[in-house]
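Notes for the one structure printed next.
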Amino acid sequence: MATGKAAKKRMINQHCSVCKKDFDMEVVDGGESNDVIWLKCPGCEGFLPYIAGGEKGVGADAGTEPSELAPEDLDSEERENAREYDESSEYEVDDVIYHRSWNDYGKVITKEELPGHRKTIIVNFVNQGKIRLLEGVT
Ligand SMILES: [Zn+2]
């Protein structure tokens with residue numbers, strides 16, 4: 001009976017640390033899992049996880065991990081061979097990625113599969129720092 005898509009877009013207002021602005025972001029439907037809600041930033045078109053329940057508190061994210069990527073860590077050959085980021089592609093650890101929206105290069109430091117079969121990579125960008133991106137989106 002129904003029209004398969006009752007697509008009513010949910011929007012959540014959240015701060016994007018890349019754009020350094022608040023946006024009403026579209027919620028990316030992640031299936032039944034409620035563990036992670038993904039938002040798509042209309043500014044940089046990046047995906048970022050919705051931080052449920054709050055700005056501060058929890059204290060989970062105070063980690064200062066010493067894996068900053070310095071521009072000189074990517075030599076010209078690596079930049080030339082960088083793969084342009086595309087959410088439908090898949091990447092390997094140590095792949096060098098070029099993100100066109102940000103004009104930034106980064107190196108894949110780890111891969112994670114999230115509930116809901118959502119594959120992500122954590123990329124250490126030269127300018128943006130560590131950012132989680134989706135991969136293998138079909
Ligand atoms: Zn953004």
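Residue numbering restarts at 1 in every chain; chains get A, B, ... in the order shown in the structure tokens, and ligands count up from 1 in that same order.
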Write as a compact mmCIF listing (two decimals) with N, CA and C atoms, in the first residue's frame the residues around ligand 1, taking 9 Å as the cut-off and counting only C-alpha atoms and all ligand atoms.
# COMPACT_ATOMS: atom_id res chain seq x y z
N HIS A 15 26.86 22.31 15.12
CA HIS A 15 28.04 23.06 14.73
C HIS A 15 28.96 22.19 13.89
N CYS A 16 29.43 22.75 12.79
CA CYS A 16 30.42 22.04 11.99
C CYS A 16 31.79 22.63 12.30
N SER A 17 32.68 21.79 12.78
CA SER A 17 34.00 22.30 13.16
C SER A 17 34.86 22.58 11.93
N VAL A 18 34.45 22.03 10.80
CA VAL A 18 35.19 22.31 9.58
C VAL A 18 34.82 23.69 9.05
N CYS A 19 33.51 23.93 8.94
CA CYS A 19 33.04 25.23 8.44
C CYS A 19 33.07 26.29 9.53
N LYS A 20 33.17 25.82 10.76
CA LYS A 20 33.12 26.74 11.90
C LYS A 20 31.83 27.55 11.91
N LYS A 21 30.75 26.87 11.61
CA LYS A 21 29.43 27.51 11.61
C LYS A 21 28.41 26.51 12.10
N ASP A 22 27.26 27.02 12.51
CA ASP A 22 26.13 26.15 12.81
C ASP A 22 25.26 26.01 11.57
N PHE A 23 24.81 24.80 11.34
CA PHE A 23 23.92 24.57 10.21
C PHE A 23 22.75 23.70 10.65
N LYS A 40 24.70 15.47 7.58
CA LYS A 40 25.46 15.93 6.44
C LYS A 40 25.53 17.45 6.48
N CYS A 41 26.73 17.95 6.52
CA CYS A 41 26.91 19.39 6.61
C CYS A 41 26.68 20.01 5.23
N PRO A 42 25.76 20.95 5.14
CA PRO A 42 25.50 21.59 3.85
C PRO A 42 26.64 22.51 3.42
N GLY A 43 27.49 22.83 4.34
CA GLY A 43 28.58 23.74 3.99
C GLY A 43 29.70 23.04 3.27
N CYS A 44 30.23 22.00 3.91
CA CYS A 44 31.39 21.32 3.32
C CYS A 44 31.00 19.96 2.76
N GLU A 45 29.75 19.58 2.90
CA GLU A 45 29.25 18.29 2.45
C GLU A 45 29.94 17.14 3.14
N GLY A 46 30.50 17.42 4.29
CA GLY A 46 31.10 16.34 5.06
C GLY A 46 30.05 15.69 5.94
N PHE A 47 30.37 14.49 6.40
CA PHE A 47 29.48 13.81 7.32
C PHE A 47 30.04 13.92 8.72
N LEU A 48 29.20 14.18 9.63
CA LEU A 48 29.68 14.19 11.00
C LEU A 48 28.64 13.55 11.90
Note to self: Need the shell around region 101-113 of chain A: protein/DNA/RNA residues with any atom at most 12 Å away, counting only C-alpha atoms. Skip same-chain ones fewer than 5 positions apart. Format as a ChimeraX atom specification?
What the structure shows: /A:18-19,36,41-46,67-76,78-86,90-96,118-136
Next item on the list: Tell me which protein, DNA and RNA residues are within 9 Å of Trp38 (chain A), counting only C-alpha atoms, leaving out same-chain ones fewer than 6 positions away, and put them as a PyMOL selection string.
Entry: chain A and resi 26-30+47-50
Checklist line | Separation of CA of His99 (chain A) from CA of Thr138 (chain A), in Å and rounded to one decimal | finding: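 Taking CA of His99 (chain A) and CA of Thr138 (chain A), their separation equals 19.0 Å.
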